[in-house]
file structure_13.txt (compact mmCIF, C-alpha atoms and all ligand atoms)
# COMPACT_ATOMS: atom_id res chain seq x y z
CA MET D 1 -55.41 -6.09 -41.66
CA VAL D 2 -56.35 -7.45 -38.26
CA SER D 3 -59.33 -9.50 -37.10
CA ARG D 4 -62.31 -7.91 -35.37
CA GLU D 5 -61.18 -9.60 -32.13
CA VAL D 6 -57.72 -8.05 -32.25
CA ASN D 7 -59.24 -4.71 -33.23
CA ASP D 8 -61.42 -4.83 -30.13
CA LEU D 9 -58.46 -5.91 -28.00
CA LEU D 10 -56.34 -2.93 -29.06
CA THR D 11 -59.01 -0.25 -29.07
CA GLN D 12 -60.97 -0.83 -25.83
CA THR D 13 -59.45 0.80 -22.76
CA ASP D 14 -62.14 0.91 -20.05
CA LYS D 15 -61.25 -0.49 -16.63
CA GLY D 16 -61.01 -4.28 -16.77
CA THR D 17 -60.26 -4.53 -20.49
CA PRO D 18 -56.82 -5.95 -21.41
CA MET D 19 -55.66 -2.77 -23.18
CA GLY D 20 -57.15 -0.69 -20.38
CA GLU D 21 -55.03 -2.61 -17.91
CA LEU D 22 -51.96 -2.04 -20.06
CA PHE D 23 -52.53 1.72 -20.07
CA ARG D 24 -52.91 1.59 -16.31
CA GLN D 25 -49.27 0.50 -16.05
CA TYR D 26 -48.05 3.96 -17.17
CA TRP D 27 -48.09 7.57 -16.04
CA ILE D 28 -50.34 9.38 -18.49
CA PRO D 29 -50.84 13.10 -19.12
CA ALA D 30 -54.09 14.25 -17.51
CA LEU D 31 -54.11 18.07 -17.51
CA LEU D 32 -52.02 21.05 -18.48
CA THR D 33 -50.79 22.68 -15.26
CA GLU D 34 -52.49 25.91 -16.38
CA GLU D 35 -55.88 24.20 -16.02
CA LEU D 36 -55.41 24.31 -12.23
CA PRO D 37 -53.64 27.67 -11.99
CA GLU D 38 -53.91 28.38 -8.24
CA ASN D 39 -54.88 26.92 -4.89
CA ASP D 40 -58.66 26.52 -4.42
CA CYS D 41 -59.31 27.28 -8.10
CA PRO D 42 -62.41 25.77 -9.76
CA PRO D 43 -62.33 21.97 -10.21
CA VAL D 44 -61.97 20.55 -13.71
CA ARG D 45 -63.66 17.58 -15.38
CA VAL D 46 -61.24 14.93 -16.67
CA LYS D 47 -62.12 11.75 -18.55
CA LEU D 48 -59.41 9.14 -19.09
CA LEU D 49 -59.60 5.47 -20.08
CA GLY D 50 -63.39 5.70 -19.85
CA GLU D 51 -63.35 6.96 -16.22
CA LYS D 52 -65.05 10.26 -15.42
CA MET D 53 -63.10 12.21 -12.82
CA ILE D 54 -62.63 15.62 -11.23
CA ALA D 55 -59.24 17.27 -10.77
CA PHE D 56 -58.70 19.94 -8.14
CA ARG D 57 -55.95 21.81 -6.33
CA ASP D 58 -56.52 22.33 -2.64
CA THR D 59 -55.73 25.17 -0.24
CA LYS D 60 -52.21 23.83 0.34
CA GLY D 61 -51.45 23.38 -3.37
CA ARG D 62 -51.93 19.61 -3.38
CA TYR D 63 -53.38 18.12 -6.55
CA GLY D 64 -56.18 15.55 -6.50
CA LEU D 65 -57.86 13.44 -9.15
CA VAL D 66 -61.00 11.70 -7.87
CA GLU D 67 -64.04 9.98 -9.31
CA GLU D 68 -66.63 12.47 -10.49
CA PHE D 69 -69.77 11.42 -8.64
CA CYS D 70 -70.53 12.01 -4.98
CA PRO D 71 -71.04 8.70 -3.12
CA HIS D 72 -74.08 10.15 -1.31
CA ARG D 73 -76.56 10.51 -4.18
CA ARG D 74 -74.31 10.66 -7.21
CA VAL D 75 -74.16 14.39 -7.93
CA SER D 76 -71.21 15.57 -10.00
CA LEU D 77 -68.50 17.02 -7.81
CA TRP D 78 -67.73 19.46 -10.63
CA PHE D 79 -70.37 21.65 -8.97
CA GLY D 80 -68.49 21.36 -5.70
CA ARG D 81 -66.95 24.11 -3.60
CA ASN D 82 -63.17 23.88 -3.48
CA GLU D 83 -62.50 25.26 0.02
CA ASP D 84 -60.41 24.72 3.12
CA CYS D 85 -58.41 21.70 1.92
CA GLY D 86 -61.23 19.79 0.28
CA LEU D 87 -63.94 19.60 -2.34
CA ARG D 88 -67.44 19.99 -0.87
CA CYS D 89 -70.41 18.56 -2.77
CA ALA D 90 -72.87 21.28 -3.75
CA TYR D 91 -75.94 19.18 -2.87
CA HIS D 92 -75.65 18.30 0.85
CA GLY D 93 -72.11 19.38 1.67
CA TRP D 94 -70.19 16.12 1.99
CA LYS D 95 -66.51 16.99 1.75
CA PHE D 96 -63.52 15.09 0.32
CA ASP D 97 -59.76 15.59 0.38
CA VAL D 98 -57.28 15.09 -2.49
CA GLU D 99 -56.86 11.44 -1.56
CA GLY D 100 -60.61 10.83 -1.85
CA ASN D 101 -61.20 10.53 1.91
CA CYS D 102 -64.57 11.76 3.14
CA VAL D 103 -63.64 14.34 5.78
CA GLU D 104 -67.08 15.73 6.64
CA ILE D 105 -70.76 14.76 6.50
CA PRO D 106 -72.53 17.85 7.87
CA SER D 107 -75.89 16.10 8.43
CA ASP D 108 -74.31 13.31 10.53
CA PRO D 109 -71.30 14.88 12.29
CA GLU D 110 -71.07 12.19 14.98
CA LYS D 111 -70.94 9.14 12.72
CA ASP D 112 -67.17 8.80 12.21
CA GLU D 113 -67.32 5.10 11.47
CA PHE D 114 -69.74 5.60 8.60
CA ARG D 115 -67.80 8.62 7.27
CA ASN D 116 -64.54 6.65 7.37
CA SER D 117 -66.12 3.93 5.25
CA ILE D 118 -66.81 6.41 2.43
CA LYS D 119 -64.02 6.93 -0.06
CA LEU D 120 -63.79 8.22 -3.60
CA VAL D 121 -61.63 6.41 -6.13
CA ALA D 122 -58.56 8.65 -6.25
CA TYR D 123 -55.40 8.71 -8.33
CA PRO D 124 -52.15 10.62 -7.86
CA LEU D 125 -51.58 13.78 -9.86
CA VAL D 126 -47.97 14.95 -10.16
CA LYS D 127 -46.46 17.92 -11.95
CA VAL D 128 -43.58 17.16 -14.32
CA GLY D 129 -42.87 19.97 -16.77
CA ASP D 130 -46.04 21.85 -17.70
CA ILE D 131 -48.20 18.72 -17.41
CA LEU D 132 -50.03 17.02 -14.53
CA TRP D 133 -49.61 13.25 -14.86
CA THR D 134 -51.62 10.47 -13.31
CA HIS D 135 -51.18 6.76 -12.76
CA MET D 136 -54.47 4.86 -12.68
CA GLY D 137 -53.10 1.41 -11.91
CA ASP D 138 -51.98 -0.60 -8.92
CA PRO D 139 -49.76 1.54 -6.64
CA ALA D 140 -47.66 -1.58 -5.96
CA THR D 141 -46.32 -1.52 -9.53
CA ARG D 142 -46.29 2.24 -10.02
CA PRO D 143 -43.43 3.19 -12.34
CA PRO D 144 -41.00 6.05 -11.64
CA GLU D 145 -42.31 9.51 -12.53
CA PRO D 146 -42.08 10.58 -16.20
CA ALA D 147 -38.63 11.48 -17.54
CA TRP D 148 -39.34 12.61 -21.10
CA GLU D 149 -36.79 15.20 -22.18
CA PHE D 150 -39.43 17.73 -23.27
CA CYS D 151 -40.78 17.97 -19.72
CA THR D 152 -37.46 17.88 -17.90
CA VAL D 153 -35.71 20.74 -19.78
CA ALA D 154 -36.02 24.34 -18.50
CA PRO D 155 -39.52 25.83 -18.90
CA GLU D 156 -38.32 28.33 -21.52
CA GLN D 157 -37.25 25.44 -23.79
CA THR D 158 -40.59 23.69 -24.04
CA VAL D 159 -44.31 24.11 -24.67
CA SER D 160 -47.21 21.63 -24.59
CA THR D 161 -50.80 21.80 -25.83
CA LYS D 162 -53.67 19.37 -26.09
CA ARG D 163 -56.77 18.91 -28.23
CA LEU D 164 -59.69 16.55 -28.18
CA GLN D 165 -59.86 14.20 -31.15
CA GLU D 166 -63.12 12.47 -32.01
CA ASN D 167 -61.87 8.96 -32.70
CA ASN D 168 -60.22 6.04 -30.98
CA TRP D 169 -56.68 6.52 -29.70
CA LEU D 170 -55.12 3.85 -31.92
CA GLN D 171 -55.94 5.36 -35.29
CA ALA D 172 -54.47 8.66 -34.04
CA LEU D 173 -51.28 6.90 -32.89
CA GLU D 174 -51.06 5.14 -36.25
CA GLY D 175 -51.03 8.54 -37.97
CA GLY D 176 -48.13 9.55 -35.75
CA ILE D 177 -45.91 6.66 -36.81
CA ASP D 178 -46.85 6.80 -40.50
CA SER D 179 -44.02 8.89 -41.91
CA ASN D 180 -45.17 8.26 -45.48
CA HIS D 181 -48.22 10.52 -45.35
CA VAL D 182 -46.08 13.63 -44.76
CA SER D 183 -45.13 13.74 -48.44
CA PHE D 184 -48.81 13.80 -49.43
CA LEU D 185 -51.24 15.04 -46.81
CA HIS D 186 -48.82 17.62 -45.36
CA SER D 187 -46.76 18.31 -48.50
CA HIS D 188 -47.66 21.99 -48.92
CA GLU D 189 -47.48 22.65 -45.22
CA LEU D 190 -43.76 21.85 -45.00
CA GLU D 191 -42.68 25.10 -46.62
CA ARG D 192 -45.53 27.24 -45.29
CA ASP D 193 -45.50 26.46 -41.57
CA PRO D 194 -43.13 28.63 -39.49
CA LEU D 195 -42.10 25.62 -37.37
CA PHE D 196 -41.11 23.53 -40.39
CA ARG D 197 -40.08 25.71 -43.31
CA GLY D 198 -36.56 26.22 -44.60
CA SER D 199 -34.96 22.89 -43.73
CA LYS D 200 -33.08 20.84 -46.27
CA GLY D 201 -34.97 17.79 -45.10
CA ASN D 202 -38.22 19.19 -46.50
CA LYS D 203 -36.83 18.92 -50.02
CA TYR D 204 -35.68 15.37 -49.42
CA ASN D 205 -39.12 14.49 -48.10
CA LEU D 206 -40.81 15.81 -51.21
CA ASP D 207 -38.32 14.49 -53.77
CA ASP D 208 -38.66 10.80 -52.88
CA LEU D 209 -42.24 9.65 -52.43
CA SER D 210 -41.43 5.97 -51.84
CA PRO D 211 -39.46 5.79 -48.60
CA VAL D 212 -38.13 2.46 -47.42
CA PHE D 213 -39.01 1.66 -43.81
CA GLU D 214 -36.76 -0.17 -41.39
CA LEU D 215 -37.92 -0.77 -37.84
CA THR D 216 -35.63 -1.75 -34.99
CA ARG D 217 -36.71 -2.61 -31.46
CA SER D 218 -35.60 -0.07 -28.87
CA GLY D 219 -35.79 -0.55 -25.11
CA GLY D 220 -39.23 1.02 -24.87
CA GLY D 221 -40.67 0.43 -28.34
CA PHE D 222 -39.29 1.00 -31.82
CA TYR D 223 -36.94 3.15 -33.78
CA ILE D 224 -38.96 3.76 -36.94
CA GLY D 225 -36.46 4.53 -39.70
CA ALA D 226 -37.65 5.91 -43.04
CA ARG D 227 -35.01 6.09 -45.75
CA ARG D 228 -35.12 8.31 -48.84
CA ASN D 229 -32.68 8.57 -51.74
CA VAL D 230 -30.88 11.90 -52.12
CA GLU D 231 -28.15 13.39 -54.31
CA GLY D 232 -24.67 11.84 -54.24
CA GLY D 233 -25.99 8.36 -53.60
CA LYS D 234 -26.63 9.01 -49.89
CA TYR D 235 -29.69 8.20 -47.86
CA TYR D 236 -31.75 10.71 -45.90
CA TRP D 237 -32.95 8.93 -42.77
CA ARG D 238 -35.79 10.13 -40.59
CA VAL D 239 -36.01 8.16 -37.38
CA THR D 240 -39.19 8.51 -35.33
CA GLN D 241 -39.21 7.30 -31.74
CA PHE D 242 -42.16 5.24 -30.63
CA VAL D 243 -42.28 4.38 -26.95
CA MET D 244 -44.97 2.12 -25.55
CA PRO D 245 -47.81 2.45 -25.56
CA TYR D 246 -48.58 5.89 -26.98
CA PHE D 247 -45.59 8.24 -27.28
CA THR D 248 -44.06 9.48 -30.51
CA MET D 249 -41.26 11.89 -31.29
CA ILE D 250 -41.03 13.12 -34.85
CA PRO D 251 -37.57 13.71 -36.37
CA PRO D 252 -36.32 17.31 -36.24
CA ARG D 253 -35.98 19.66 -39.22
CA GLY D 254 -33.01 22.06 -39.28
CA ASP D 255 -32.79 24.09 -36.07
CA HIS D 256 -36.54 24.10 -35.51
CA PRO D 257 -37.76 22.80 -32.15
CA GLN D 258 -38.68 19.13 -32.31
CA HIS D 259 -42.05 17.75 -31.49
CA GLY D 260 -44.24 14.80 -30.95
CA HIS D 261 -47.38 13.52 -29.32
CA PHE D 262 -49.07 11.40 -26.73
CA TRP D 263 -52.34 9.82 -27.84
CA VAL D 264 -54.34 9.32 -24.68
CA PRO D 265 -57.65 7.43 -24.65
CA VAL D 266 -60.51 9.50 -23.23
CA ASP D 267 -62.98 6.73 -23.99
CA ASP D 268 -63.16 4.26 -26.86
CA GLU D 269 -64.41 6.90 -29.31
CA HIS D 270 -62.32 9.91 -28.25
CA CYS D 271 -58.70 10.60 -27.48
CA MET D 272 -56.73 13.57 -26.22
CA THR D 273 -53.93 14.44 -28.60
CA TRP D 274 -51.09 15.96 -26.58
CA SER D 275 -48.50 17.86 -28.59
CA TYR D 276 -45.16 19.16 -27.40
CA ASP D 277 -42.40 21.22 -28.97
CA TYR D 278 -39.02 21.64 -27.33
CA HIS D 279 -35.42 22.36 -28.12
CA PRO D 280 -32.91 20.48 -25.99
CA LYS D 281 -30.18 23.08 -26.47
CA ARG D 282 -31.80 26.50 -26.37
CA PRO D 283 -34.89 28.46 -25.23
CA LEU D 284 -37.74 28.67 -27.70
CA THR D 285 -37.93 32.08 -29.35
CA PHE D 286 -40.93 34.31 -28.71
CA ASP D 287 -42.15 33.60 -32.24
CA GLU D 288 -41.76 29.81 -31.87
CA ARG D 289 -43.71 29.73 -28.62
CA LYS D 290 -46.40 31.99 -30.03
CA ALA D 291 -46.67 29.83 -33.17
CA CYS D 292 -47.25 26.71 -31.04
CA LEU D 293 -49.87 28.42 -28.87
CA ASP D 294 -51.55 29.84 -32.01
CA GLY D 295 -51.98 26.32 -33.41
CA LYS D 296 -49.10 26.18 -35.87
CA GLY D 297 -46.75 23.25 -36.39
CA VAL D 298 -48.24 20.11 -34.88
CA HIS D 299 -50.43 22.17 -32.55
CA VAL D 300 -54.03 23.15 -33.15
CA ALA D 301 -56.16 26.15 -32.18
CA VAL D 302 -58.95 25.06 -29.83
CA ILE D 303 -62.25 26.61 -28.76
CA PRO D 304 -61.45 28.53 -25.54
CA ASP D 305 -64.23 26.97 -23.44
CA GLY D 306 -62.32 24.22 -21.66
CA SER D 307 -63.53 21.51 -24.06
CA PHE D 308 -60.23 21.45 -26.00
CA ARG D 309 -62.27 20.82 -29.14
CA SER D 310 -60.54 22.25 -32.22
CA ILE D 311 -61.97 25.32 -33.96
CA GLN D 312 -61.75 23.39 -37.24
CA ASN D 313 -63.81 20.27 -36.55
CA LYS D 314 -66.08 17.75 -38.21
CA ASP D 315 -69.17 19.93 -37.72
CA ASN D 316 -67.71 22.58 -40.04
CA ASP D 317 -65.85 20.14 -42.33
CA TYR D 318 -62.59 21.42 -40.85
CA LEU D 319 -63.14 24.67 -42.81
CA ILE D 320 -62.02 22.86 -45.94
CA ASP D 321 -61.09 25.21 -48.79
CA ARG D 322 -61.67 23.40 -52.09
CA ALA D 323 -60.42 26.38 -54.11
CA ALA D 324 -57.09 26.38 -52.24
CA GLN D 325 -56.86 22.64 -52.85
CA LYS D 326 -57.44 23.18 -56.58
CA ARG D 327 -54.89 26.00 -56.72
CA GLY D 328 -52.32 23.63 -55.19
CA GLU D 329 -51.95 25.51 -51.90
CA THR D 330 -53.00 22.53 -49.79
CA PHE D 331 -53.09 18.84 -50.63
CA SER D 332 -56.44 18.08 -48.98
CA GLY D 333 -57.96 21.55 -48.72
CA VAL D 334 -57.67 21.47 -44.91
CA LEU D 335 -55.16 23.87 -43.38
CA GLY D 336 -52.55 22.92 -40.78
CA PHE D 337 -50.71 19.70 -39.87
CA GLY D 338 -52.83 18.82 -36.86
CA MET D 339 -56.17 19.35 -38.55
CA GLN D 340 -55.03 17.55 -41.68
CA ASP D 341 -54.29 14.56 -39.45
CA ALA D 342 -57.48 14.86 -37.40
CA SER D 343 -59.71 15.27 -40.47
CA VAL D 344 -58.52 12.09 -42.16
CA GLN D 345 -58.41 10.08 -38.94
CA GLU D 346 -61.87 11.15 -37.78
CA SER D 347 -63.19 10.41 -41.27
CA MET D 348 -62.42 6.70 -40.67
CA GLY D 349 -65.22 6.67 -38.06
CA PRO D 350 -64.91 6.54 -34.27
CA ILE D 351 -63.22 3.10 -34.35
CA VAL D 352 -61.88 2.09 -37.76
CA ASP D 353 -62.65 -1.46 -38.89
CA ARG D 354 -59.14 -2.77 -39.47
CA SER D 355 -60.44 -6.05 -40.88
CA ARG D 356 -61.25 -4.11 -44.06
CA GLU D 357 -57.81 -2.55 -44.63
CA ASN D 358 -55.24 -3.42 -47.31
CA LEU D 359 -51.80 -2.66 -45.90
CA VAL D 360 -48.73 -2.11 -48.12
CA ALA D 361 -44.98 -2.08 -47.46
CA SER D 362 -44.95 1.52 -46.21
CA ASP D 363 -47.44 0.49 -43.48
CA MET D 364 -44.84 -1.82 -41.95
CA GLY D 365 -44.37 0.45 -38.92
CA ILE D 366 -48.06 0.35 -38.16
CA ALA D 367 -48.20 -3.44 -38.43
CA MET D 368 -45.18 -3.92 -36.16
CA VAL D 369 -46.43 -1.50 -33.52
CA ARG D 370 -49.81 -3.28 -33.47
CA ASN D 371 -47.97 -6.56 -32.96
CA LEU D 372 -45.94 -5.18 -30.08
CA LEU D 373 -49.07 -3.74 -28.45
CA ARG D 374 -50.90 -7.03 -28.84
CA LYS D 375 -47.99 -9.08 -27.50
CA SER D 376 -47.57 -6.75 -24.51
CA VAL D 377 -51.29 -6.78 -23.70
CA LEU D 378 -51.43 -10.58 -23.76
CA GLU D 379 -48.21 -11.02 -21.76
CA LEU D 380 -49.57 -8.72 -19.08
CA LYS D 381 -52.95 -10.43 -19.02
CA GLU D 382 -51.76 -14.02 -19.13
CA LYS D 383 -48.38 -13.91 -17.38
CA GLY D 384 -48.34 -10.66 -15.44
CA ILE D 385 -45.29 -9.43 -17.38
CA LEU D 386 -45.05 -5.64 -17.10
CA PRO D 387 -44.74 -3.91 -20.49
CA PRO D 388 -41.74 -1.87 -21.76
CA GLY D 389 -41.58 1.93 -21.79
CA ARG D 390 -42.20 2.42 -18.05
CA GLU D 391 -38.53 2.87 -17.17
CA ARG D 392 -36.88 6.29 -17.21
CA GLU D 393 -34.11 5.11 -19.51
CA HIS D 394 -36.72 4.13 -22.11
CA GLN D 395 -38.08 7.67 -22.01
CA MET D 396 -34.70 9.40 -22.44
CA VAL D 397 -34.91 9.33 -26.23
CA ARG D 398 -34.43 11.70 -29.15
CA SER D 399 -35.47 11.35 -32.76
CA VAL D 400 -32.95 12.19 -35.49
CA SER D 401 -32.80 13.17 -39.15
CA VAL D 402 -29.49 12.40 -40.79
CA LEU D 403 -27.64 11.79 -44.07
CA LEU D 404 -25.79 8.48 -44.17
CA GLU D 405 -23.82 6.41 -46.63
CA PRO D 406 -25.77 3.45 -48.07
CA ASP D 407 -23.73 0.90 -46.13
CA GLN D 408 -24.31 2.56 -42.74
CA ASN D 409 -26.84 1.12 -40.33
CA TYR D 410 -28.91 3.99 -38.92
CA VAL D 411 -29.11 2.60 -35.40
CA ASP D 412 -25.36 2.00 -35.16
CA ALA D 413 -24.60 5.40 -36.68
CA CYS D 414 -26.96 7.30 -34.33
CA LYS D 415 -26.90 5.16 -31.20
CA ASN D 416 -25.63 7.96 -28.93
CA GLU D 417 -27.59 10.70 -30.67
CA MET D 418 -30.88 8.86 -30.06
CA VAL D 419 -30.36 9.15 -26.30
CA ALA D 420 -31.54 12.35 -24.59
CA ASP D 421 -28.37 13.86 -23.16
CA ALA D 422 -28.30 17.56 -22.31
CA SER D 423 -24.59 17.78 -23.15
CA ARG D 424 -25.07 16.50 -26.69
CA ALA D 425 -26.19 18.45 -29.77
CA ARG D 426 -29.01 17.14 -31.90
CA VAL D 427 -28.54 15.39 -35.22
CA THR D 428 -30.81 17.11 -37.71
CA VAL D 429 -30.98 17.99 -41.39
S1 LIG P 501 -75.16 14.11 -3.34
FE1 LIG P 501 -73.31 14.89 -2.61
S2 LIG P 501 -73.66 15.42 -0.58
FE2 LIG P 501 -75.53 14.62 -1.28
FE FE P 502 -49.50 13.86 -39.90
call {"tool": "encode", "arguments": {"input": "structure_13.txt", "output": "C-alpha cells"}}
result
Amino acid sequence: MVSREVNDLLTQTDKGTPMGELFRQYWIPALLTEELPENDCPPVRVKLLGEKMIAFRDTKGRYGLVEEFCPHRRVSLWFGRNEDCGLRCAYHGWKFDVEGNCVEIPSDPEKDEFRNSIKLVAYPLVKVGDILWTHMGDPATRPPEPAWEFCTVAPEQTVSTKRLQENNWLQALEGGIDSNHVSFLHSHELERDPLFRGSKGNKYNLDDLSPVFELTRSGGGFYIGARRNVEGGKYYWRVTQFVMPYFTMIPPRGDHPQHGHFWVPVDDEHCMTWSYDYHPKRPLTFDERKACLDGKGVHVAVIPDGSFRSIQNKDNDYLIDRAAQKRGETFSGVLGFGMQDASVQESMGPIVDRSRENLVASDMGIAMVRNLLRKSVLELKEKGILPPGREREHQMVRSVSVLLEPDQNYVDACKNEMVADASRARVTV
C-alpha cells in the first residue's frame, strides 16, 4: 500500500512532474522503424509523457520528432506535406525541418528575423535495432544511445512489437515484475503457446504455487529472483531483470527466444507496451517470428489502423470465453499472455488506487521497485542526482532460469550469465 501522494508521484509523467522529469533522463522507444518506412513517407502521430508530437522522415532520410501543432494558428502538422527536406503545414504552408526550425513562411518571405524566431519543440530520433528512440530531456545530460542486447543483435535474431494499453504505465510495469501471477493467470498458456511450450521450467512453475522472492540490487535496478522447490531438493530459480525505470526481461524457457517489455507512458491513463523477443545465439526461426507478429507469446494482435489498439480490448470484454474457462482451457477465459495481462491491469481502472491494496510476501518485488522509483525521483528533484539505468553497462543484461543447490546464492552463481555477452550461451531450463 502507498499513500495517495506517493501514488500521484509515481504515476504522473507530464512535463514538469517529478516522475516526468525522471523519464526524461532516458532514451525511450517512440516508434517501430516500420512506421516511417521510407524518405518523405506520411508523418505519424506520437504521444509520449503527455506530449503530442509528430514523427517524420525527410527527403534525406533524417528522422524528426516535433511538437504536433503549428506555431502559426495551431493546426496539427499531421496533415502536413512531407516534401523537400521538411514538413509543410497544410493550412498556410509554413515549413519546418527535422530539428524544428521554421525554414519557410510563404506569406512573408522577406521576414527572416521573424521566421528565425519560430521554432517547434523537437527531440532527437535515433534508430537502434528495429526501434526509433527519443530522448525528451536536457541535451546536456543526454545518456549514451541504447545498448539493450535485443536491439544490438543481428536483425534476424530479434523482433519487436508494440500495443496501446489503456491504463497508467506503473500498473503495467508491476505486472511485468510479478512472477507469481504466471502460475495462475497464464497457467494454461504455458503449454499451449508456441513460444513457451515444452520447457521443463513450465512444470516447475506449475508444481510450486508459492515461490519465495529474493531481490538484489543490480547496477541499473534489481535482479528479481523467484525460487521454487523441485525434485531432488534443488531450487528452480527464475531471475527477471528490471532496469530503471521501465524495462523488464523475463527469464527464458528452454531454447525458446527470450522476451520482455518496456512500459512507456503515453499519458497518465495510457501506456505503450513494447514487447521484444530475441535469441542471443541464433536467428529466430520463420515460425518463431511469425508467432510473434501474429500476437503469440508476449505479443498481441493489434487493429491494423495505426492505433496499436489490441483486437481483444475492453470494448469487447477481451473476447472472454466463459465456456473455455469452465472447461479448464484458460484460467481467466481470456486468451493469450498479453491480453490476460492487459485485461486484469485495465480492470483496475486507468490509475489504480494503491492506498486500497493489501500486499503480501509475493508482492515484495513490486514494493521494492516502487521504493527505488520513489527514491530516484526524489533524489533527482531535490539533489539533481541522475538515476541508474542510463549507462550502457546497466543495459547489457540477461535474465536466467536455473537449477541450483539450496546453499547457492543465485546472484553469485549466475553473475557472468546475467551479463549480455555474445560469446556466452544462455542459462535456461
Ligand atoms: S496554421 Fe500552420 S501555417 Fe497556418
Ligand atoms: Fe503476465
call {"tool": "axis_aligned_box", "arguments": {"input": "structure_13.txt", "around": "ligand LIG 501 (chain P)", "padding_each_side": "5 Å", "output": "AutoDock Vina command-line options"}}
result
--center_x -74.4 --center_y 14.8 --center_z -2.0 --size_x 12.2 --size_y 11.3 --size_z 12.8
call {"tool": "residues_near_ligand", "arguments": {"input": "structure_13.txt", "ligand": "ligand FE 502 (chain P)", "cutoff": "10 Å", "atoms": "all atoms listed in the file", "output": "VMD selection string"}}
result
chain D and resid 172 174 to 186 250 298 336 to 342 344 to 345
call {"tool": "residues_near_ligand", "arguments": {"input": "structure_13.txt", "ligand": "ligand LIG 501 (chain P)", "cutoff": "9 Å", "atoms": "only C-alpha atoms and all ligand atoms", "output": "PyMOL selection string"}}
result
chain D and resi 69-77+80+88-95+105-106
call {"tool": "write_last_selection", "arguments": {"input": "structure_13.txt", "atoms": "C-alpha atoms", "output": "mmCIF file, in the frame of the given file"}}
result
data_model
loop_
_atom_site.group_PDB
_atom_site.id
_atom_site.type_symbol
_atom_site.label_atom_id
_atom_site.label_comp_id
_atom_site.auth_asym_id
_atom_site.auth_seq_id
_atom_site.Cartn_x
_atom_site.Cartn_y
_atom_site.Cartn_z
ATOM 1 C CA PHE D 69 -69.770 11.420 -8.640
ATOM 2 C CA CYS D 70 -70.530 12.010 -4.980
ATOM 3 C CA PRO D 71 -71.040 8.700 -3.120
ATOM 4 C CA HIS D 72 -74.080 10.150 -1.310
ATOM 5 C CA ARG D 73 -76.560 10.510 -4.180
ATOM 6 C CA ARG D 74 -74.310 10.660 -7.210
ATOM 7 C CA VAL D 75 -74.160 14.390 -7.930
ATOM 8 C CA SER D 76 -71.210 15.570 -10.000
ATOM 9 C CA LEU D 77 -68.500 17.020 -7.810
ATOM 10 C CA GLY D 80 -68.490 21.360 -5.700
ATOM 11 C CA ARG D 88 -67.440 19.990 -0.870
ATOM 12 C CA CYS D 89 -70.410 18.560 -2.770
ATOM 13 C CA ALA D 90 -72.870 21.280 -3.750
ATOM 14 C CA TYR D 91 -75.940 19.180 -2.870
ATOM 15 C CA HIS D 92 -75.650 18.300 0.850
ATOM 16 C CA GLY D 93 -72.110 19.380 1.670
ATOM 17 C CA TRP D 94 -70.190 16.120 1.990
ATOM 18 C CA LYS D 95 -66.510 16.990 1.750
ATOM 19 C CA ILE D 105 -70.760 14.760 6.500
ATOM 20 C CA PRO D 106 -72.530 17.850 7.870
#
call {"tool": "atom_distance", "arguments": {"input": "structure_13.txt", "atom1": "atom CA of Ser3 of chain D", "atom2": "atom CA of Gly219 of chain D"}}
result
27.9 Å
call {"tool": "residues_around", "arguments": {"input": "structure_13.txt", "residues": "segment 367-384 of chain D", "least_positions_apart": "6", "cutoff": "8 Å", "atoms": "only C-alpha atoms", "output": "JSON, numbers by chain"}}
result
{"D": [6, 9, 10, 18, 19, 22, 221, 222, 244, 245]}
call {"tool": "write_last_selection", "arguments": {"input": "structure_13.txt", "atoms": "C-alpha atoms", "output": "compact mmCIF listing (two decimals), in the coordinates of the input"}}
result
# COMPACT_ATOMS: atom_id res chain seq x y z
CA VAL D 6 -57.72 -8.05 -32.25
CA LEU D 9 -58.46 -5.91 -28.00
CA LEU D 10 -56.34 -2.93 -29.06
CA PRO D 18 -56.82 -5.95 -21.41
CA MET D 19 -55.66 -2.77 -23.18
CA LEU D 22 -51.96 -2.04 -20.06
CA GLY D 221 -40.67 0.43 -28.34
CA PHE D 222 -39.29 1.00 -31.82
CA MET D 244 -44.97 2.12 -25.55
CA PRO D 245 -47.81 2.45 -25.56
call {"tool": "residues_around", "arguments": {"input": "structure_13.txt", "residues": "segment 308-320 of chain D", "least_positions_apart": "3", "cutoff": "8 Å", "atoms": "only C-alpha atoms", "output": "list in words"}}
result
Lys162, Arg163, Leu164, Gln165, Val300, Ala301, Val302, Ile303, Pro304, Asp305, Ser332, Gly333, Val334, Leu335, Met339, Ser343 and Glu346 of chain D
call {"tool": "residues_near_point", "arguments": {"input": "structure_13.txt", "point": "(-54.9, 13.9, -14.9)", "cutoff": "12 Å", "atoms": "only C-alpha atoms", "output": "VMD selection string"}}
result
chain D and resid 27 to 33 35 to 36 43 to 49 51 to 57 63 to 67 122 to 128 131 to 136 264 266 272
call {"tool": "atom_distance", "arguments": {"input": "structure_13.txt", "atom1": "atom CA of Glu269 of chain D", "atom2": "atom CA of Arg356 of chain D"}}
result
18.7 Å
call {"tool": "closest_residue", "arguments": {"input": "structure_13.txt", "among": "D:Cys102, D:Gly201, D:Gly220, D:Asp208", "to": "Leu386 of chain D", "atoms": "only C-alpha atoms"}}
result
D:Gly220
call {"tool": "atom_distance", "arguments": {"input": "structure_13.txt", "atom1": "atom CA of Pro252 of chain D", "atom2": "atom CA of Asn167 of chain D"}}
result
27.1 Å
call {"tool": "closest_residue", "arguments": {"input": "structure_13.txt", "among": "D:Glu110, D:Pro146, D:Val2, D:Gly129", "to": "Glu393 of chain D", "atoms": "all atoms listed in the file"}}
result
D:Pro146
call {"tool": "residues_around", "arguments": {"input": "structure_13.txt", "residues": "Gly100 of chain D", "least_positions_apart": "4", "cutoff": "6 Å", "atoms": "only C-alpha atoms", "output": "ChimeraX atom specification"}}
result
/D:96,119-120,122
call {"tool": "residues_near_point", "arguments": {"input": "structure_13.txt", "point": "(-57.6, -4.5, -40.9)", "cutoff": "9 Å", "atoms": "all atoms listed in the file", "output": "ChimeraX atom specification"}}
result
/D:1-4,7,352-359
call {"tool": "closest_residue", "arguments": {"input": "structure_13.txt", "among": "D:Gly306, D:Gly137, D:Pro257, D:Phe331", "to": "Pro280 of chain D", "atoms": "all atoms listed in the file"}}
result
D:Pro257
call {"tool": "decode", "arguments": {"input": "structure_13.txt", "residues": "segment 109-113 of chain D", "atoms": "C-alpha atoms", "output": "compact mmCIF listing (two decimals), in the first residue's frame"}}
result
# COMPACT_ATOMS: atom_id res chain seq x y z
CA PRO D 109 9.21 35.53 -47.50
CA GLU D 110 11.30 38.59 -46.60
CA LYS D 111 10.92 38.44 -42.82
CA ASP D 112 13.90 36.26 -41.88
CA GLU D 113 14.17 37.64 -38.38
